[in-house]
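A short write-up of the structure that comes next.
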Amino acid sequence: MRQWKGKRYWLVGASDGLGAALAHRMSAAGAHVIVSARSEDKLRALVAALPGEGSVQTVDVSDDASVVAATDAIGRIDGVVYLAGVYWPFSAQDWDAEEANAMADINFTGMMRVMGRVVPQFVTRDAGHIVITGSLSGFRGLPGSIGYTASKAGTMSLAECMYADLRGTGVDVQVANPGFIKTQLTDKNDFKMPFLMTPEEAAEHMFQHMNTNRFKKSFPMLFSWVFRGSQFLPDWLYFRIFS
């Protein structure tokens, strides 16, 4: 079990949904959570409702200067959890360049900006905890998912790269790959979402993973087998089934 009391964790993308639920869970465990997003009002309301200590630091992960200013302002931290993400469902036939670019920039490149400021500090101290939020959708290309699936595949790959480099050091790297979570993002979907979780259920899965020494957790377990198993299918069969 990881020790949380007195630890300072930066939750990037925590104004609502999974991020807000995880902030509550970690705060209850004794961590001081620094919650970040673009909406200061939502963040302040969140901190006021936390069972323990918390603070607010606004950040726009799509802006280099904003990320630099935020990391300088929060100072020394023990861990970072990247949860920021945007989502719009559309296919290649209905490509929306602005929305596709936003998903790539916030979901993936935004994480690169944050990690570029945090990871060197952790490496210098040989101590730190990095948690990345991937997605079951990131295991293989899916129809109607231009932008989002690719961005999540990128985050999951970057987590693997960091883990490969940092395993055996004092810097822990983990990735959590959730399925469907009931949020304002998934409310955009017009299809049935199997094993739909509440933010609190997903946060509990994620928090329990953060208490282990394991690198990766994909959940819900039964649903994750569909996506993990798809990696072993030949292309002709995979696309016939999933398209």
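Letters A, B, ... mark the chains of the structure tokens in the order given; residue numbers begin at 1 per chain; ligand numbers begin at 1, in order shown.
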Tell me, counting only C-alpha atoms, for each residue of region 133-204 of chain A within 10 Å of region 81-87 of chain A, which pair of atoms is nearest and how far apart they are in Å to one decimal, in rows ordered by chain and increasing number, as a Markdown table.
| residue | atom | partner | partner_atom | distance |
| --- | --- | --- | --- | --- |
| A:Thr133 | CA | A:Leu83 | CA | 5.6 |
| A:Gly134 | CA | A:Leu83 | CA | 8.6 |
| A:Ser145 | CA | A:Tyr87 | CA | 9.1 |
| A:Ile146 | CA | A:Tyr87 | CA | 9.8 |
| A:Gly147 | CA | A:Tyr87 | CA | 8.1 |
| A:Tyr148 | CA | A:Tyr87 | CA | 6.1 |
| A:Thr149 | CA | A:Tyr87 | CA | 9.5 |
| A:Ser151 | CA | A:Gly85 | CA | 9.4 |
| A:Lys152 | CA | A:Gly85 | CA | 9.3 |
| A:Thr155 | CA | A:Tyr82 | CA | 9.7 |
| A:Gln174 | CA | A:Val81 | CA | 9.5 |
| A:Val175 | CA | A:Val81 | CA | 9.5 |
| A:Gln184 | CA | A:Tyr87 | CA | 9.5 |
| A:Leu185 | CA | A:Tyr87 | CA | 6.0 |
| A:Thr186 | CA | A:Tyr87 | CA | 8.1 |
| A:Lys188 | CA | A:Tyr87 | CA | 8.5 |
| A:Asn189 | CA | A:Tyr87 | CA | 10.0 |
**Study point:** Exercise: Ala29 (chain A) partners within 7 Å, only C-alpha atoms, chain neighbours under 4 positions left out, as a count of residues only
**Key:** 3
Point to revise | DSSP strand (DSSP E) residues within region 14-238 of chain A, as JSON, numbers by chain | key: {"A": [32, 33, 34, 35, 36, 54, 55, 56, 79, 80, 81, 82, 128, 129, 130, 131, 132, 133, 171, 172, 173, 174, 175, 176, 177, 178, 216, 217, 218, 219]}
Convert the current residue selection to file output with C-alpha atoms, as a PDB file, in the first residue's frame.
ATOM      1  CA  HIS A  32      -2.859  17.068  -0.667  1.00  0.00           C
ATOM      2  CA  VAL A  33      -4.298  17.274  -4.167  1.00  0.00           C
ATOM      3  CA  ILE A  34      -3.494  20.178  -6.455  1.00  0.00           C
ATOM      4  CA  VAL A  35      -6.322  20.216  -8.975  1.00  0.00           C
ATOM      5  CA  SER A  36      -5.833  21.788 -12.379  1.00  0.00           C
ATOM      6  CA  GLY A  54      -6.435  20.613  -1.667  1.00  0.00           C
ATOM      7  CA  SER A  55      -5.460  23.633  -3.696  1.00  0.00           C
ATOM      8  CA  VAL A  56      -6.177  25.132  -7.107  1.00  0.00           C
ATOM      9  CA  GLY A  79       3.235  12.677  -7.991  1.00  0.00           C
ATOM     10  CA  VAL A  80       1.345  13.726 -11.093  1.00  0.00           C
ATOM     11  CA  VAL A  81      -1.811  12.240 -12.605  1.00  0.00           C
ATOM     12  CA  TYR A  82      -2.645  13.242 -16.173  1.00  0.00           C
ATOM     13  CA  GLY A 128       8.180  10.516  -7.978  1.00  0.00           C
ATOM     14  CA  HIS A 129       4.965   8.878  -9.122  1.00  0.00           C
ATOM     15  CA  ILE A 130       3.626   9.306 -12.673  1.00  0.00           C
ATOM     16  CA  VAL A 131       0.118   8.125 -13.536  1.00  0.00           C
ATOM     17  CA  ILE A 132      -1.217   8.311 -17.095  1.00  0.00           C
ATOM     18  CA  THR A 133      -4.862   7.901 -18.109  1.00  0.00           C
ATOM     19  CA  VAL A 171      10.368   7.050 -10.261  1.00  0.00           C
ATOM     20  CA  ASP A 172       7.204   4.931 -10.557  1.00  0.00           C
ATOM     21  CA  VAL A 173       5.234   4.985 -13.827  1.00  0.00           C
ATOM     22  CA  GLN A 174       1.711   3.613 -14.180  1.00  0.00           C
ATOM     23  CA  VAL A 175      -1.016   3.712 -16.804  1.00  0.00           C
ATOM     24  CA  ALA A 176      -4.734   3.121 -16.272  1.00  0.00           C
ATOM     25  CA  ASN A 177      -6.931   2.265 -19.261  1.00  0.00           C
ATOM     26  CA  PRO A 178     -10.618   2.704 -18.426  1.00  0.00           C
ATOM     27  CA  LYS A 216      -0.790  -1.263 -16.283  1.00  0.00           C
ATOM     28  CA  LYS A 217      -4.431  -1.789 -15.417  1.00  0.00           C
ATOM     29  CA  SER A 218      -7.256  -2.025 -17.971  1.00  0.00           C
ATOM     30  CA  PHE A 219     -10.801  -2.016 -16.654  1.00  0.00           C
TER      31      PHE A 219
END
Practice item. Could you tell me how far CA of Ala45 (chain A) lies from CA of Gly6 (chain A), in Å and to one decimal? Key: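 A separation of 21.9 Å between them.
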Could you pull the residues within 10 Å of Met115 (chain A), counting only C-alpha atoms, minus those fewer than 4 positions along the same chain, as a compact mmCIF listing (two decimals) with C-alpha atoms, in the first residue's frame?
# COMPACT_ATOMS: atom_id res chain seq x y z
CA VAL A 67 2.17 24.75 -18.37
CA VAL A 80 1.34 13.73 -11.09
CA TYR A 82 -2.64 13.24 -16.17
CA THR A 109 0.65 16.77 -26.73
CA GLY A 110 -0.66 18.39 -23.56
CA MET A 111 0.61 15.40 -21.64
CA VAL A 119 9.71 14.16 -15.28
CA PRO A 120 13.13 15.87 -15.21
CA GLN A 121 12.44 16.98 -11.62
CA ILE A 130 3.63 9.31 -12.67
CA MET A 162 8.72 6.12 -19.67
**Study point:** Test item: residues at most 12 Å from Pro143 (chain A), only C-alpha atoms, excluding those fewer than 4 positions along its chain, as a PyMOL selection string
**Key:** chain A and resi 89-94+137+147-150+238-243
Could those selected residues go to a file with all heavy atoms, as a compact mmCIF listing (two decimals), in the first residue's frame?
# COMPACT_ATOMS: atom_id res chain seq x y z
N PRO A 89 -16.98 12.42 -31.18
CA PRO A 89 -17.01 11.24 -32.03
C PRO A 89 -17.32 11.58 -33.49
O PRO A 89 -18.31 12.25 -33.77
CB PRO A 89 -18.15 10.41 -31.42
CG PRO A 89 -19.07 11.43 -30.82
CD PRO A 89 -18.22 12.60 -30.41
N PHE A 90 -16.45 11.18 -34.39
CA PHE A 90 -16.72 11.31 -35.82
C PHE A 90 -15.79 10.40 -36.61
O PHE A 90 -14.73 10.00 -36.12
CB PHE A 90 -16.60 12.77 -36.30
CG PHE A 90 -15.27 13.42 -36.03
CD1 PHE A 90 -14.20 13.26 -36.90
CD2 PHE A 90 -15.09 14.20 -34.90
CE1 PHE A 90 -12.98 13.86 -36.66
CE2 PHE A 90 -13.87 14.82 -34.65
CZ PHE A 90 -12.81 14.64 -35.53
N SER A 91 -16.20 10.10 -37.83
CA SER A 91 -15.43 9.20 -38.69
C SER A 91 -14.57 9.98 -39.67
O SER A 91 -14.67 11.21 -39.77
CB SER A 91 -16.39 8.29 -39.47
OG SER A 91 -17.15 9.06 -40.38
N ALA A 92 -13.78 9.24 -40.44
CA ALA A 92 -12.93 9.88 -41.45
C ALA A 92 -13.78 10.57 -42.52
O ALA A 92 -13.36 11.57 -43.10
CB ALA A 92 -12.01 8.84 -42.09
N GLN A 93 -14.98 10.03 -42.76
CA GLN A 93 -15.86 10.64 -43.77
C GLN A 93 -16.38 12.01 -43.31
O GLN A 93 -16.77 12.84 -44.13
CB GLN A 93 -17.05 9.72 -44.06
CG GLN A 93 -16.68 8.43 -44.78
CD GLN A 93 -16.40 7.30 -43.81
OE1 GLN A 93 -15.94 7.53 -42.70
NE2 GLN A 93 -16.70 6.07 -44.24
N ASP A 94 -16.40 12.22 -41.99
CA ASP A 94 -16.93 13.48 -41.43
C ASP A 94 -15.85 14.23 -40.66
O ASP A 94 -16.12 14.90 -39.66
CB ASP A 94 -18.10 13.18 -40.50
CG ASP A 94 -19.22 12.43 -41.20
OD1 ASP A 94 -19.68 12.91 -42.24
OD2 ASP A 94 -19.61 11.35 -40.70
N SER A 137 -9.92 2.16 -25.73
CA SER A 137 -9.98 2.44 -27.17
C SER A 137 -8.60 2.58 -27.79
O SER A 137 -8.46 2.52 -29.02
CB SER A 137 -10.77 3.72 -27.42
OG SER A 137 -10.07 4.86 -26.96
N GLY A 147 -9.10 10.90 -34.10
CA GLY A 147 -8.59 11.84 -33.11
C GLY A 147 -8.46 11.24 -31.73
O GLY A 147 -7.37 11.17 -31.17
N TYR A 148 -9.56 10.78 -31.15
CA TYR A 148 -9.53 10.32 -29.77
C TYR A 148 -8.72 9.04 -29.61
O TYR A 148 -7.81 8.97 -28.77
CB TYR A 148 -10.94 10.10 -29.23
CG TYR A 148 -10.96 9.77 -27.75
CD1 TYR A 148 -10.81 10.79 -26.82
CD2 TYR A 148 -11.09 8.46 -27.30
CE1 TYR A 148 -10.80 10.50 -25.46
CE2 TYR A 148 -11.08 8.17 -25.95
CZ TYR A 148 -10.94 9.19 -25.03
OH TYR A 148 -10.92 8.90 -23.69
N THR A 149 -9.05 8.02 -30.39
CA THR A 149 -8.35 6.75 -30.27
C THR A 149 -6.86 6.90 -30.53
O THR A 149 -6.02 6.35 -29.81
CB THR A 149 -8.97 5.71 -31.22
OG1 THR A 149 -10.27 5.36 -30.74
CG2 THR A 149 -8.13 4.45 -31.31
N ALA A 150 -6.52 7.67 -31.56
CA ALA A 150 -5.09 7.88 -31.87
C ALA A 150 -4.38 8.61 -30.74
O ALA A 150 -3.24 8.27 -30.38
CB ALA A 150 -4.96 8.67 -33.17
N TYR A 238 -9.91 -8.67 -37.79
CA TYR A 238 -10.20 -7.57 -36.86
C TYR A 238 -11.12 -6.53 -37.50
O TYR A 238 -12.15 -6.15 -36.91
CB TYR A 238 -8.90 -6.90 -36.40
CG TYR A 238 -9.16 -5.62 -35.61
CD1 TYR A 238 -9.57 -5.68 -34.28
CD2 TYR A 238 -9.06 -4.38 -36.22
CE1 TYR A 238 -9.84 -4.54 -33.57
CE2 TYR A 238 -9.34 -3.21 -35.53
CZ TYR A 238 -9.73 -3.31 -34.19
OH TYR A 238 -10.03 -2.15 -33.49
N PHE A 239 -10.76 -6.06 -38.68
CA PHE A 239 -11.57 -5.00 -39.31
C PHE A 239 -12.93 -5.52 -39.78
O PHE A 239 -13.90 -4.74 -39.83
CB PHE A 239 -10.79 -4.35 -40.45
CG PHE A 239 -9.64 -3.52 -39.96
CD1 PHE A 239 -8.32 -3.92 -40.14
CD2 PHE A 239 -9.86 -2.34 -39.27
CE1 PHE A 239 -7.26 -3.16 -39.68
CE2 PHE A 239 -8.82 -1.57 -38.78
CZ PHE A 239 -7.52 -1.98 -38.98
N ARG A 240 -13.02 -6.78 -40.09
CA ARG A 240 -14.33 -7.34 -40.45
C ARG A 240 -15.25 -7.31 -39.23
O ARG A 240 -16.45 -7.01 -39.36
CB ARG A 240 -14.18 -8.77 -40.98
CG ARG A 240 -15.51 -9.45 -41.31
CD ARG A 240 -15.29 -10.79 -41.97
NE ARG A 240 -14.69 -10.65 -43.29
CZ ARG A 240 -14.40 -11.67 -44.09
NH1 ARG A 240 -14.65 -12.92 -43.69
NH2 ARG A 240 -13.84 -11.46 -45.26
N ILE A 241 -14.71 -7.60 -38.05
CA ILE A 241 -15.53 -7.64 -36.84
C ILE A 241 -15.81 -6.23 -36.32
O ILE A 241 -16.97 -5.87 -36.05
CB ILE A 241 -14.81 -8.46 -35.73
CG1 ILE A 241 -14.70 -9.92 -36.15
CG2 ILE A 241 -15.55 -8.33 -34.41
CD1 ILE A 241 -13.85 -10.76 -35.21
N PHE A 242 -14.77 -5.41 -36.20
CA PHE A 242 -14.92 -4.13 -35.51
C PHE A 242 -15.46 -3.01 -36.42
O PHE A 242 -15.90 -1.98 -35.91
CB PHE A 242 -13.60 -3.72 -34.86
CG PHE A 242 -13.32 -4.41 -33.57
CD1 PHE A 242 -12.84 -5.72 -33.54
CD2 PHE A 242 -13.59 -3.79 -32.35
CE1 PHE A 242 -12.60 -6.38 -32.35
CE2 PHE A 242 -13.35 -4.44 -31.15
CZ PHE A 242 -12.87 -5.74 -31.15
N SER A 243 -15.39 -3.18 -37.70
CA SER A 243 -15.95 -2.16 -38.58
C SER A 243 -17.42 -2.38 -38.85
O SER A 243 -18.05 -1.57 -39.50
CB SER A 243 -15.19 -2.13 -39.91
OG SER A 243 -13.86 -1.71 -39.70
Practice item. Considering only C-alpha atoms, state which residue in the set A:Ala164, A:Ala49, A:Ala203, A:Leu222 is at the smallest distance from Leu22 (chain A). Key: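 The answer is A:Ala203, which sits nearest to Leu22 (chain A).
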Check your understanding: Distance CA of Thr124 (chain A)-CA of Leu166 (chain A), one decimal place?
Key ->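 CA of Leu166 (chain A) lies 12.0 Å from CA of Thr124 (chain A).
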Exercise for review: Output as a list in words all residues of region 43-83 of chain A that backbone DSSP marks as helix (DSSP H, G or I).
Suggested key: Leu43, Arg44, Ala45, Leu46, Val47, Ala48, Ala49, Asp64, Ala65, Ser66, Val67, Val68, Ala69, Ala70, Thr71, Asp72, Ala73 and Ile74 of chain A
**Study point:** Point-to-point distance in Å for CA of Val114 (chain A) and CA of Tyr163 (chain A)
**Key:**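 Taking CA of Tyr163 (chain A) and CA of Val114 (chain A), their separation equals 16.4 Å.
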